>>> print(open('target.cif').read())   # mmCIF, C-alpha atoms
data_final
#
loop_
_atom_site.label_atom_id
_atom_site.label_comp_id
_atom_site.auth_asym_id
_atom_site.auth_seq_id
_atom_site.Cartn_x
_atom_site.Cartn_y
_atom_site.Cartn_z
CA MET A 29 39.20 -17.86 65.91
CA VAL A 30 39.74 -20.36 68.71
CA SER A 31 43.48 -20.90 68.89
CA ARG A 32 45.09 -24.31 68.52
CA ARG A 33 48.16 -25.37 70.46
CA ARG A 34 51.19 -25.77 68.21
CA LEU A 35 52.95 -29.11 68.53
CA ALA A 36 56.21 -30.24 67.02
CA PRO A 37 55.47 -32.07 63.75
CA GLY A 38 56.19 -35.78 63.95
CA SER A 39 56.19 -35.86 67.74
CA ILE A 40 54.20 -38.42 69.71
CA ALA A 41 52.03 -35.61 71.10
CA SER A 42 51.39 -34.32 67.57
CA LEU A 43 50.38 -37.79 66.36
CA ARG A 44 48.09 -38.31 69.35
CA THR A 45 46.39 -34.95 68.78
CA ALA A 46 45.99 -35.68 65.05
CA ASN A 47 44.41 -39.07 65.81
CA GLN A 48 42.05 -37.53 68.35
CA GLN A 49 41.03 -34.92 65.78
CA ARG A 50 40.23 -37.61 63.22
CA VAL A 51 37.88 -39.29 65.68
CA LEU A 52 36.27 -35.95 66.53
CA ASP A 53 35.74 -35.16 62.86
CA VAL A 54 33.72 -38.37 62.51
CA LEU A 55 31.65 -37.65 65.62
CA ARG A 56 30.90 -34.13 64.36
CA ALA A 57 29.84 -35.33 60.94
CA GLY A 58 26.07 -35.29 61.50
CA VAL A 59 23.30 -33.94 63.68
CA GLU A 60 22.83 -37.37 65.26
CA ALA A 61 26.47 -38.43 64.93
CA THR A 62 26.47 -41.73 66.81
CA HIS A 63 28.91 -44.41 65.66
CA THR A 64 30.25 -47.70 66.90
CA GLN A 65 33.95 -47.87 67.62
CA ALA A 66 34.29 -50.28 64.70
CA GLU A 67 32.69 -47.71 62.39
CA ILE A 68 35.00 -45.00 63.68
CA ALA A 69 38.02 -47.21 63.00
CA HIS A 70 36.79 -47.84 59.45
CA LEU A 71 36.04 -44.15 58.74
CA THR A 72 39.30 -42.82 60.19
CA GLY A 73 41.62 -45.60 59.04
CA LEU A 74 42.92 -45.89 62.61
CA ALA A 75 43.58 -49.23 64.28
CA PRO A 76 40.65 -50.46 66.42
CA ALA A 77 42.89 -50.48 69.50
CA THR A 78 43.84 -46.83 68.86
CA VAL A 79 40.18 -45.85 68.57
CA SER A 80 39.35 -47.71 71.78
CA ASN A 81 42.09 -45.84 73.65
CA ILE A 82 40.93 -42.45 72.30
CA VAL A 83 37.30 -43.16 73.15
CA ARG A 84 38.30 -44.20 76.66
CA GLN A 85 40.31 -40.96 77.11
CA PHE A 86 37.43 -38.85 75.78
CA ALA A 87 34.92 -40.60 78.04
CA ALA A 88 37.13 -40.02 81.09
CA ALA A 89 37.32 -36.33 80.17
CA GLY A 90 33.54 -36.11 79.81
CA LEU A 91 33.72 -35.38 76.09
CA VAL A 92 31.80 -38.40 74.79
CA ASP A 93 28.97 -40.65 75.90
CA THR A 94 29.19 -44.38 75.24
CA GLU A 95 26.58 -47.11 75.26
CA SER A 96 27.40 -50.80 75.46
CA GLY A 97 26.92 -52.89 72.35
CA SER A 98 28.14 -56.19 71.01
CA GLY A 99 31.69 -56.29 72.32
CA ARG A 100 33.84 -53.35 73.31
CA ARG A 101 34.23 -52.11 69.76
CA GLY A 102 30.52 -52.48 69.10
CA SER A 103 29.66 -49.88 71.72
CA SER A 104 28.17 -46.65 70.35
CA VAL A 105 29.89 -43.31 70.83
CA ARG A 106 28.66 -39.74 70.48
CA LEU A 107 29.82 -36.33 71.61
CA SER A 108 28.50 -35.47 75.04
CA ARG A 109 26.31 -32.44 75.62
CA GLY A 110 28.68 -31.82 78.52
CA ALA A 111 31.50 -31.23 76.05
CA GLY A 112 30.21 -27.71 75.65
CA LEU A 113 27.87 -25.42 73.76
CA VAL A 114 28.39 -22.89 70.99
CA GLY A 115 26.41 -19.94 69.69
CA GLY A 116 25.48 -18.71 66.25
CA VAL A 117 24.49 -15.24 65.06
CA ASP A 118 23.13 -14.53 61.57
CA VAL A 119 22.88 -10.83 60.76
CA GLY A 120 20.81 -9.97 57.69
CA HIS A 121 19.94 -6.65 56.09
CA SER A 122 16.65 -6.63 57.97
CA HIS A 123 16.79 -9.46 60.50
CA ILE A 124 18.92 -11.08 63.16
CA ALA A 125 18.81 -14.76 64.13
CA VAL A 126 20.66 -16.34 67.03
CA ALA A 127 20.98 -19.95 68.12
CA VAL A 128 22.69 -22.17 70.66
CA GLY A 129 23.89 -25.64 69.72
CA ASP A 130 26.05 -28.51 70.84
CA LEU A 131 29.38 -29.54 69.36
CA THR A 132 27.79 -31.74 66.71
CA GLY A 133 26.20 -28.58 65.35
CA GLN A 134 22.70 -29.58 66.46
CA LEU A 135 20.62 -26.52 67.34
CA LEU A 136 19.13 -26.61 70.82
CA GLY A 137 17.30 -23.28 70.63
CA GLU A 138 16.98 -20.33 68.27
CA MET A 139 15.35 -16.91 67.98
CA ARG A 140 14.76 -14.46 65.16
CA ALA A 141 13.90 -10.74 65.22
CA PRO A 142 13.59 -7.87 62.69
CA LEU A 143 16.30 -5.23 62.28
CA ASP A 144 16.20 -1.73 60.89
CA GLN A 145 17.60 -1.65 57.35
CA ASN A 146 20.28 0.84 58.45
CA HIS A 147 21.27 -0.95 61.64
CA ARG A 148 24.67 -0.23 63.19
CA PHE A 149 27.03 -2.96 64.30
CA ASP A 150 27.13 -1.93 67.97
CA GLU A 151 23.34 -1.91 68.35
CA THR A 152 23.05 -5.22 66.53
CA LEU A 153 25.70 -6.90 68.66
CA THR A 154 23.96 -5.72 71.82
CA THR A 155 20.74 -7.28 70.52
CA ALA A 156 22.62 -10.51 69.77
CA ARG A 157 23.99 -10.57 73.31
CA GLN A 158 20.51 -10.14 74.80
CA MET A 159 19.08 -12.91 72.62
CA LEU A 160 21.91 -15.32 73.46
CA ASP A 161 21.47 -14.57 77.17
CA HIS A 162 17.80 -15.45 76.79
CA LEU A 163 18.54 -18.73 75.00
CA VAL A 164 21.14 -19.86 77.51
CA GLY A 165 18.54 -19.06 80.17
CA GLU A 166 18.44 -19.78 83.85
CA ASP A 167 20.41 -23.01 83.53
CA GLY A 168 23.59 -21.31 82.43
CA HIS A 169 25.48 -18.17 81.48
CA ILE A 170 26.59 -16.90 78.09
CA GLY A 171 30.21 -17.29 79.24
CA GLU A 172 29.73 -21.06 79.12
CA LEU A 173 29.57 -20.96 75.31
CA ARG A 174 32.83 -22.16 73.80
CA CYS A 175 32.64 -20.05 70.64
CA VAL A 176 30.22 -17.98 68.54
CA GLY A 177 29.89 -18.15 64.76
CA LEU A 178 28.82 -14.88 63.13
CA GLY A 179 27.46 -14.52 59.62
CA ILE A 180 27.01 -11.18 57.84
CA PRO A 181 25.71 -10.37 54.34
CA ALA A 182 28.85 -8.67 53.06
CA PRO A 183 32.42 -9.54 52.08
CA VAL A 184 34.66 -10.21 55.07
CA ALA A 185 38.35 -9.64 54.31
CA ARG A 186 40.71 -10.45 57.16
CA GLU A 187 37.74 -10.17 59.51
CA ARG A 188 36.92 -6.61 58.49
CA VAL A 189 33.86 -5.58 56.46
CA HIS A 190 34.86 -3.80 53.25
CA ALA A 191 31.52 -3.07 51.62
CA GLY A 192 30.03 0.11 53.02
CA ALA A 193 27.42 0.38 50.27
CA ILE A 194 26.18 -3.14 51.05
CA LEU A 195 26.24 -3.00 54.86
CA PRO A 196 26.94 0.64 55.71
CA GLY A 197 26.64 0.32 59.49
CA TRP A 198 29.52 -2.18 59.53
CA GLU A 199 32.02 -0.60 57.14
CA ASP A 200 35.68 -1.19 58.07
CA ILE A 201 34.79 -2.58 61.49
CA ASP A 202 37.18 -5.08 63.07
CA VAL A 203 34.31 -7.51 63.50
CA ARG A 204 36.10 -10.11 65.60
CA ALA A 205 37.32 -7.51 68.10
CA ALA A 206 33.90 -5.84 68.26
CA VAL A 207 32.04 -9.10 68.80
CA GLY A 208 34.58 -10.31 71.34
CA GLU A 209 34.18 -7.08 73.31
CA VAL A 210 30.37 -7.29 73.43
CA LEU A 211 30.01 -11.04 73.92
CA GLY A 212 33.25 -11.76 75.77
CA LEU A 213 33.68 -14.96 73.74
CA PRO A 214 35.91 -16.32 70.97
CA VAL A 215 34.28 -15.68 67.61
CA VAL A 216 34.66 -16.89 64.04
CA ILE A 217 33.23 -14.73 61.23
CA GLU A 218 32.01 -15.74 57.79
CA ASN A 219 29.87 -14.43 54.96
CA ASP A 220 26.25 -15.56 55.37
CA ALA A 221 26.09 -17.29 51.97
CA ASN A 222 29.17 -19.32 52.87
CA LEU A 223 27.43 -20.40 56.07
CA GLY A 224 24.37 -21.40 54.07
CA ALA A 225 26.61 -23.46 51.80
CA LEU A 226 28.19 -25.17 54.81
CA ALA A 227 24.78 -25.97 56.31
CA GLU A 228 23.35 -27.43 53.10
CA HIS A 229 26.58 -29.40 52.57
CA ARG A 230 26.48 -30.90 56.06
CA HIS A 231 22.75 -31.26 56.73
CA GLY A 232 20.79 -30.22 53.62
CA VAL A 233 20.25 -31.19 50.00
CA ALA A 234 23.96 -30.94 49.12
CA GLN A 235 24.93 -33.78 51.46
CA GLY A 236 27.09 -36.39 49.78
CA HIS A 237 28.54 -33.94 47.23
CA GLU A 238 32.15 -32.82 47.43
CA SER A 239 31.42 -29.63 45.48
CA SER A 240 28.33 -27.44 45.57
CA VAL A 241 27.23 -23.83 45.27
CA PHE A 242 24.62 -22.24 47.54
CA VAL A 243 22.97 -19.12 46.09
CA LYS A 244 21.20 -16.93 48.63
CA VAL A 245 18.62 -14.54 47.15
CA SER A 246 17.13 -12.13 49.67
CA SER A 247 17.72 -8.40 50.09
CA GLY A 248 20.98 -9.12 48.29
CA VAL A 249 22.42 -12.01 46.30
CA GLY A 250 25.47 -14.02 47.31
CA ALA A 251 26.96 -17.43 46.65
CA GLY A 252 28.72 -19.80 48.98
CA ILE A 253 31.10 -22.24 47.30
CA ILE A 254 32.10 -25.69 48.57
CA ILE A 255 35.09 -27.33 46.88
CA ASP A 256 36.54 -30.63 48.15
CA ASN A 257 34.15 -30.46 51.12
CA GLN A 258 35.53 -27.08 52.25
CA ILE A 259 34.30 -23.50 51.99
CA PHE A 260 36.18 -21.67 49.24
CA SER A 261 36.58 -18.05 50.33
CA GLY A 262 39.11 -16.80 47.77
CA SER A 263 42.45 -15.13 48.41
CA ASP A 264 40.95 -12.32 50.47
CA GLY A 265 37.73 -13.84 51.77
CA THR A 266 35.42 -12.27 49.19
CA ALA A 267 34.68 -15.11 46.76
CA GLY A 268 31.06 -15.67 45.83
CA GLU A 269 29.79 -12.10 45.29
CA LEU A 270 27.50 -13.36 42.55
CA GLY A 271 25.04 -10.50 43.03
CA HIS A 272 27.55 -8.05 41.61
CA LEU A 273 28.14 -9.89 38.38
CA THR A 274 27.39 -7.33 35.64
CA LEU A 275 24.65 -8.38 33.23
CA ASP A 276 24.22 -4.99 31.54
CA GLU A 277 26.60 -2.09 32.10
CA GLN A 278 23.80 0.28 31.04
CA GLY A 279 21.28 -1.37 33.36
CA PRO A 280 19.75 -0.14 36.64
CA THR A 281 22.02 1.25 39.33
CA CYS A 282 22.94 -1.24 42.04
CA ARG A 283 23.47 -0.26 45.67
CA CYS A 284 27.17 -1.16 45.23
CA GLY A 285 27.43 1.84 42.86
CA SER A 286 27.77 -0.15 39.65
CA ARG A 287 25.14 -0.65 36.97
CA GLY A 288 23.33 -3.73 35.74
CA CYS A 289 24.37 -6.06 38.58
CA LEU A 290 22.49 -9.34 38.89
CA GLU A 291 21.24 -8.18 42.30
CA ALA A 292 19.51 -5.20 40.71
CA TYR A 293 17.27 -7.61 38.78
CA ILE A 294 16.44 -10.38 41.24
CA SER A 295 16.52 -9.13 44.85
CA VAL A 296 13.38 -9.09 46.98
CA GLY A 297 13.33 -5.28 46.80
CA ASN A 298 13.43 -5.32 43.03
CA LEU A 299 10.62 -7.87 42.83
CA LEU A 300 8.41 -5.82 45.17
CA ALA A 301 9.12 -2.69 43.12
CA MET A 302 8.12 -4.54 39.93
CA THR A 303 4.78 -5.60 41.41
CA SER A 304 3.98 -2.48 43.43
CA GLY A 305 1.66 -1.05 40.78
CA GLN A 306 -0.59 -4.12 40.74
CA LEU A 307 -0.02 -5.19 44.37
CA PRO A 308 0.61 -1.99 46.37
CA GLY A 309 1.98 -2.59 49.83
CA ALA A 310 2.39 -6.34 49.32
CA ASP A 311 5.29 -8.16 50.99
CA LEU A 312 7.10 -11.13 49.46
CA ASP A 313 4.71 -13.72 50.85
CA ALA A 314 1.74 -11.81 49.44
CA VAL A 315 3.36 -11.66 45.99
CA VAL A 316 4.07 -15.40 46.14
CA GLN A 317 0.44 -16.06 47.03
CA ALA A 318 -0.78 -13.77 44.25
CA ALA A 319 1.37 -15.60 41.71
CA GLN A 320 0.05 -18.95 42.93
CA ASP A 321 -3.48 -17.59 42.58
CA GLY A 322 -2.84 -16.68 38.95
CA ASN A 323 -1.90 -12.99 39.14
CA VAL A 324 -0.12 -12.40 35.83
CA ALA A 325 2.10 -9.54 37.06
CA ALA A 326 3.32 -11.48 40.08
CA HIS A 327 3.96 -14.60 38.02
CA ARG A 328 5.87 -12.61 35.40
CA ALA A 329 8.01 -10.95 38.09
CA PHE A 330 9.19 -14.34 39.36
CA GLU A 331 9.68 -15.58 35.81
CA ASP A 332 11.89 -12.60 34.93
CA ALA A 333 13.84 -12.91 38.18
CA GLY A 334 14.41 -16.61 37.55
CA LEU A 335 15.68 -16.08 34.01
CA HIS A 336 18.22 -13.54 35.26
CA LEU A 337 19.22 -15.78 38.15
CA GLY A 338 19.79 -18.68 35.76
CA TRP A 339 22.01 -16.41 33.66
CA GLY A 340 24.14 -15.63 36.69
CA ILE A 341 24.30 -19.25 37.85
CA ALA A 342 25.35 -20.31 34.34
CA GLY A 343 28.54 -18.31 34.76
CA VAL A 344 29.23 -20.12 38.04
CA VAL A 345 28.68 -23.63 36.65
CA ASN A 346 30.69 -22.84 33.52
CA LEU A 347 33.60 -21.78 35.72
CA LEU A 348 33.40 -24.25 38.64
CA ASN A 349 31.37 -27.23 37.38
CA PRO A 350 29.86 -28.02 40.82
CA GLU A 351 27.94 -31.23 41.39
CA VAL A 352 24.83 -29.34 42.52
CA VAL A 353 23.51 -25.77 42.92
CA VAL A 354 21.20 -24.96 45.83
CA VAL A 355 19.00 -21.85 45.83
CA GLY A 356 18.05 -20.43 49.23
CA GLY A 357 17.20 -17.16 50.92
CA ASP A 358 13.84 -15.42 51.11
CA MET A 359 13.14 -15.63 47.37
CA ALA A 360 13.40 -19.43 47.46
CA ARG A 361 10.05 -19.44 49.26
CA ALA A 362 8.56 -18.99 45.80
CA GLY A 363 9.66 -22.54 44.92
CA ASP A 364 9.11 -23.46 41.27
CA LEU A 365 7.63 -20.03 40.53
CA LEU A 366 11.28 -18.95 40.63
CA LEU A 367 13.20 -22.16 39.97
CA ALA A 368 11.38 -23.25 36.79
CA SER A 369 12.53 -20.17 34.89
CA THR A 370 15.93 -20.29 36.65
CA ARG A 371 16.50 -23.70 35.09
CA ILE A 372 15.55 -22.26 31.67
CA GLY A 373 18.01 -19.39 32.15
CA LEU A 374 20.72 -21.85 33.20
CA ARG A 375 20.21 -24.00 30.10
CA ARG A 376 20.25 -20.93 27.83
CA HIS A 377 23.59 -19.63 29.06
CA ALA A 378 25.57 -22.66 30.30
CA LEU A 379 27.73 -24.95 28.21
CA ASP A 380 26.03 -28.17 27.15
CA THR A 381 28.28 -30.19 29.45
CA VAL A 382 27.07 -28.39 32.60
CA ALA A 383 23.64 -27.05 31.57
CA MET A 384 21.89 -29.93 33.34
CA THR A 385 23.62 -29.34 36.67
CA PRO A 386 20.97 -30.15 39.33
CA LEU A 387 19.34 -26.95 40.62
CA LEU A 388 17.58 -27.55 43.93
CA ALA A 389 15.65 -25.55 46.50
CA SER A 390 17.28 -25.18 49.90
CA GLU A 391 16.17 -27.79 52.41
CA LEU A 392 16.94 -25.52 55.36
CA GLY A 393 15.22 -22.42 53.99
CA GLU A 394 15.75 -19.15 55.86
CA ARG A 395 17.51 -21.10 58.64
CA ALA A 396 20.47 -22.13 56.48
CA SER A 397 22.83 -19.33 57.57
CA ILE A 398 22.13 -19.70 61.31
CA VAL A 399 22.55 -23.46 61.07
CA GLY A 400 25.86 -22.82 59.30
CA ALA A 401 26.94 -20.33 61.97
CA VAL A 402 26.47 -22.93 64.71
CA LEU A 403 28.22 -25.60 62.62
CA LEU A 404 31.19 -23.32 61.99
CA ALA A 405 31.49 -22.46 65.68
CA ALA A 406 31.25 -26.15 66.65
CA GLU A 407 33.89 -27.20 64.14
CA THR A 408 36.20 -24.40 65.27
CA VAL A 409 36.27 -25.50 68.91
CA GLU A 410 39.24 -27.66 69.72
CA LEU A 411 38.63 -30.62 71.99
CA ARG A 412 41.48 -32.63 73.43
CA ALA A 413 41.80 -35.24 76.17
CA ASP A 414 45.24 -34.55 77.68
#
>>> encode(input="target.cif", output="structure tokens")
Amino acid sequence: MVSRRRLAPGSIASLRTANQQRVLDVLRAGVEATHTQAEIAHLTGLAPATVSNIVRQFAAAGLVDTESGSGRRGSSVRLSRGAGLVGGVDVGHSHIAVAVGDLTGQLLGEMRAPLDQNHRFDETLTTARQMLDHLVGEDGHIGELRCVGLGIPAPVARERVHAGAILPGWEDIDVRAAVGEVLGLPVVIENDANLGALAEHRHGVAQGHESSVFVKVSSGVGAGIIIDNQIFSGSDGTAGELGHLTLDEQGPTCRCGSRGCLEAYISVGNLLAMTSGQLPGADLDAVVQAAQDGNVAAHRAFEDAGLHLGWGIAGVVNLLNPEVVVVGGDMARAGDLLLASTRIGLRRHALDTVAMTPLLASELGERASIVGAVLLAAETVELRAD
């Protein structure tokens, strides 16, 4: 995590830093976060003169760009590209995605590549370094990145992975130290579903909602939870492991070692196994196409997966009562083939008061976690005009 300088509470320096941070929070609020000084004053509650002084200090430090408008406080302000860049790395069970973005969280370039299912952390981090080097390119050096956000598909407790059955090549690794050693950069680590939740909350279909749940259904199943506009990680960083909710203790064995987990019924691997007899060798996209073309087995596989997914989501909405639930990950490419029966499953198992919670497809698709990784890195970087 990028460290923040500790200031005495109540001091003039502390107040100045707090006011600067409030302005920065507004400027980081959207991909095209351009505001007039009057708007910033309204959104922060700061006096217009205070905002003008902060903007002037930021401009002198090269942190913001301004453009003249109607009067001094009508001029538009946005974070400058010169304020710095950040990186994002999204490690999946079978893929890696990397991106470079500015401090508003806007992605400037991204790459994606396959990974071996049993990939080790050191090999994966080396690949991430090579991809980031490529994205930064001839115009710069990876060392110019201010921070890197890293997402992984496993619980992260105190920045160590504690789920060897889920991500065996990363078990008990001090991830922050390992990434810092390979990349030579400050790093912030988060579960990939949490990053998807952050991305949809900031730039996707969950915008405007203070609470939401993002359910990622791919090789595994996880949920990212937003409460009061913040990621809820739980006491030890492992909240949201929806895929390991037990539906039937006598059910199929899950890779976590338990039986009857939700993930054992609705993951991509399970769906491909269900359809392998009728569609041998088909990948997910081929099964989606077959279902759209009227293949009964493929359609039934998505229907069954959706009913189970709705059952699991019902437990979440009964407990948390979020404003909206967003379904993402690879399986979301099936669209209403999956979501129609998911809504039925939700209504069957949720209380009447929450059974109609909006259930939406991810707007960002498979990019949600990498977008979230860049956003997290950007929001972690501290900017200050001393």
>>> closest_atom_pairs(input="target.cif", of="region 79-198 of chain A", to="region 254-276 of chain A", cutoff="6 Å", atoms="all atoms listed in the file", output="Markdown table")
| residue | atom | partner | partner_atom | distance |
| --- | --- | --- | --- | --- |
| A:Pro183 | CA | A:Thr266 | CA | 5.0 |
| A:Val184 | CA | A:Gly265 | CA | 5.8 |
| A:Ala185 | CA | A:Gly265 | CA | 4.9 |
>>> resolve_selection(input="target.cif", expression="the PyMOL selection byres ((chain A and resi 362) around 12)", output="ChimeraX atom specification")
/A:245-246,296,299,312-320,326-327,329-331,333-334,355-361,363-370,389-390,393
>>> residues_near_point(input="target.cif", point="(31.5, -47.6, 69.8)", cutoff="9 Å", atoms="only C-alpha atoms", output="VMD selection string")
chain A and resid 62 to 68 79 to 80 83 94 to 97 100 to 106
>>> write_last_selection(input="target.cif", atoms="C-alpha atoms", output="PDB file, in the coordinates of the input")
ATOM      1  CA  THR A  62      26.470 -41.730  66.810  1.00  0.00           C
ATOM      2  CA  HIS A  63      28.910 -44.410  65.660  1.00  0.00           C
ATOM      3  CA  THR A  64      30.250 -47.700  66.900  1.00  0.00           C
ATOM      4  CA  GLN A  65      33.950 -47.870  67.620  1.00  0.00           C
ATOM      5  CA  ALA A  66      34.290 -50.280  64.700  1.00  0.00           C
ATOM      6  CA  GLU A  67      32.690 -47.710  62.390  1.00  0.00           C
ATOM      7  CA  ILE A  68      35.000 -45.000  63.680  1.00  0.00           C
ATOM      8  CA  VAL A  79      40.180 -45.850  68.570  1.00  0.00           C
ATOM      9  CA  SER A  80      39.350 -47.710  71.780  1.00  0.00           C
ATOM     10  CA  VAL A  83      37.300 -43.160  73.150  1.00  0.00           C
ATOM     11  CA  THR A  94      29.190 -44.380  75.240  1.00  0.00           C
ATOM     12  CA  GLU A  95      26.580 -47.110  75.260  1.00  0.00           C
ATOM     13  CA  SER A  96      27.400 -50.800  75.460  1.00  0.00           C
ATOM     14  CA  GLY A  97      26.920 -52.890  72.350  1.00  0.00           C
ATOM     15  CA  ARG A 100      33.840 -53.350  73.310  1.00  0.00           C
ATOM     16  CA  ARG A 101      34.230 -52.110  69.760  1.00  0.00           C
ATOM     17  CA  GLY A 102      30.520 -52.480  69.100  1.00  0.00           C
ATOM     18  CA  SER A 103      29.660 -49.880  71.720  1.00  0.00           C
ATOM     19  CA  SER A 104      28.170 -46.650  70.350  1.00  0.00           C
ATOM     20  CA  VAL A 105      29.890 -43.310  70.830  1.00  0.00           C
ATOM     21  CA  ARG A 106      28.660 -39.740  70.480  1.00  0.00           C
TER      22      ARG A 106
END
>>> atom_distance(input="target.cif", atom1="CA of Asp150 (chain A)", atom2="CA of His162 (chain A)")
18.6 Å
>>> resolve_selection(input="target.cif", expression="the PyMOL selection byres ((chain A and resi 149) around 10)", output="PDB file with C-alpha atoms, in the frame of the given file")
ATOM      1  CA  VAL A 119      22.880 -10.830  60.760  1.00  0.00           C
ATOM      2  CA  ASN A 146      20.280   0.840  58.450  1.00  0.00           C
ATOM      3  CA  HIS A 147      21.270  -0.950  61.640  1.00  0.00           C
ATOM      4  CA  ARG A 148      24.670  -0.230  63.190  1.00  0.00           C
ATOM      5  CA  ASP A 150      27.130  -1.930  67.970  1.00  0.00           C
ATOM      6  CA  GLU A 151      23.340  -1.910  68.350  1.00  0.00           C
ATOM      7  CA  THR A 152      23.050  -5.220  66.530  1.00  0.00           C
ATOM      8  CA  LEU A 153      25.700  -6.900  68.660  1.00  0.00           C
ATOM      9  CA  THR A 154      23.960  -5.720  71.820  1.00  0.00           C
ATOM     10  CA  THR A 155      20.740  -7.280  70.520  1.00  0.00           C
ATOM     11  CA  LEU A 195      26.240  -3.000  54.860  1.00  0.00           C
ATOM     12  CA  PRO A 196      26.940   0.640  55.710  1.00  0.00           C
ATOM     13  CA  GLY A 197      26.640   0.320  59.490  1.00  0.00           C
ATOM     14  CA  TRP A 198      29.520  -2.180  59.530  1.00  0.00           C
ATOM     15  CA  GLU A 199      32.020  -0.600  57.140  1.00  0.00           C
ATOM     16  CA  ILE A 201      34.790  -2.580  61.490  1.00  0.00           C
ATOM     17  CA  VAL A 203      34.310  -7.510  63.500  1.00  0.00           C
ATOM     18  CA  ALA A 206      33.900  -5.840  68.260  1.00  0.00           C
ATOM     19  CA  VAL A 207      32.040  -9.100  68.800  1.00  0.00           C
TER      20      VAL A 207
END
>>> atom_distance(input="target.cif", atom1="CA of Arg140 (chain A)", atom2="CA of Val353 (chain A)")
26.4 Å
>>> closest_residue(input="target.cif", among="A:Gly224, A:Gly309, A:Pro76, A:Gly133", to="Arg395 (chain A)", atoms="all atoms listed in the file")
A:Gly224
>>> closest_residue(input="target.cif", among="A:Ala301, A:Leu178, A:Ala325, A:Ala89", to="Leu107 (chain A)", atoms="only C-alpha atoms")
A:Ala89
>>> resolve_selection(input="target.cif", expression="the PyMOL selection byres ((chain A and resi 219) around 6)", output="list of chain:residue names")
A:Gly179, A:Ile180, A:Pro181, A:Glu218, A:Asp220, A:Ala221, A:Asn222
>>> write_last_selection(input="target.cif", atoms="C-alpha atoms", output="PDB file, in the coordinates of the input")
ATOM      1  CA  GLY A 179      27.460 -14.520  59.620  1.00  0.00           C
ATOM      2  CA  ILE A 180      27.010 -11.180  57.840  1.00  0.00           C
ATOM      3  CA  PRO A 181      25.710 -10.370  54.340  1.00  0.00           C
ATOM      4  CA  GLU A 218      32.010 -15.740  57.790  1.00  0.00           C
ATOM      5  CA  ASP A 220      26.250 -15.560  55.370  1.00  0.00           C
ATOM      6  CA  ALA A 221      26.090 -17.290  51.970  1.00  0.00           C
ATOM      7  CA  ASN A 222      29.170 -19.320  52.870  1.00  0.00           C
TER       8      ASN A 222
END
>>> atom_distance(input="target.cif", atom1="CA of Val92 (chain A)", atom2="CA of Val117 (chain A)")
26.2 Å
>>> closest_residue(input="target.cif", among="A:Val382, A:Leu91, A:Val216, A:Leu404", to="Glu351 (chain A)", atoms="all atoms listed in the file")
A:Val382
>>> residues_around(input="target.cif", residues="Arg375 (chain A)", least_positions_apart="3", cutoff="8 Å", atoms="only C-alpha atoms", output="short mmCIF file (atom, residue, chain, number, x, y, z; two decimals) with C-alpha atoms, in the coordinates of the input")
data_model
loop_
_atom_site.label_atom_id
_atom_site.label_comp_id
_atom_site.auth_asym_id
_atom_site.auth_seq_id
_atom_site.Cartn_x
_atom_site.Cartn_y
_atom_site.Cartn_z
CA GLY A 338 19.79 -18.68 35.76
CA ALA A 342 25.35 -20.31 34.34
CA ARG A 371 16.50 -23.70 35.09
CA ILE A 372 15.55 -22.26 31.67
CA ALA A 378 25.57 -22.66 30.30
CA LEU A 379 27.73 -24.95 28.21
CA ASP A 380 26.03 -28.17 27.15
CA ALA A 383 23.64 -27.05 31.57
CA MET A 384 21.89 -29.93 33.34
#
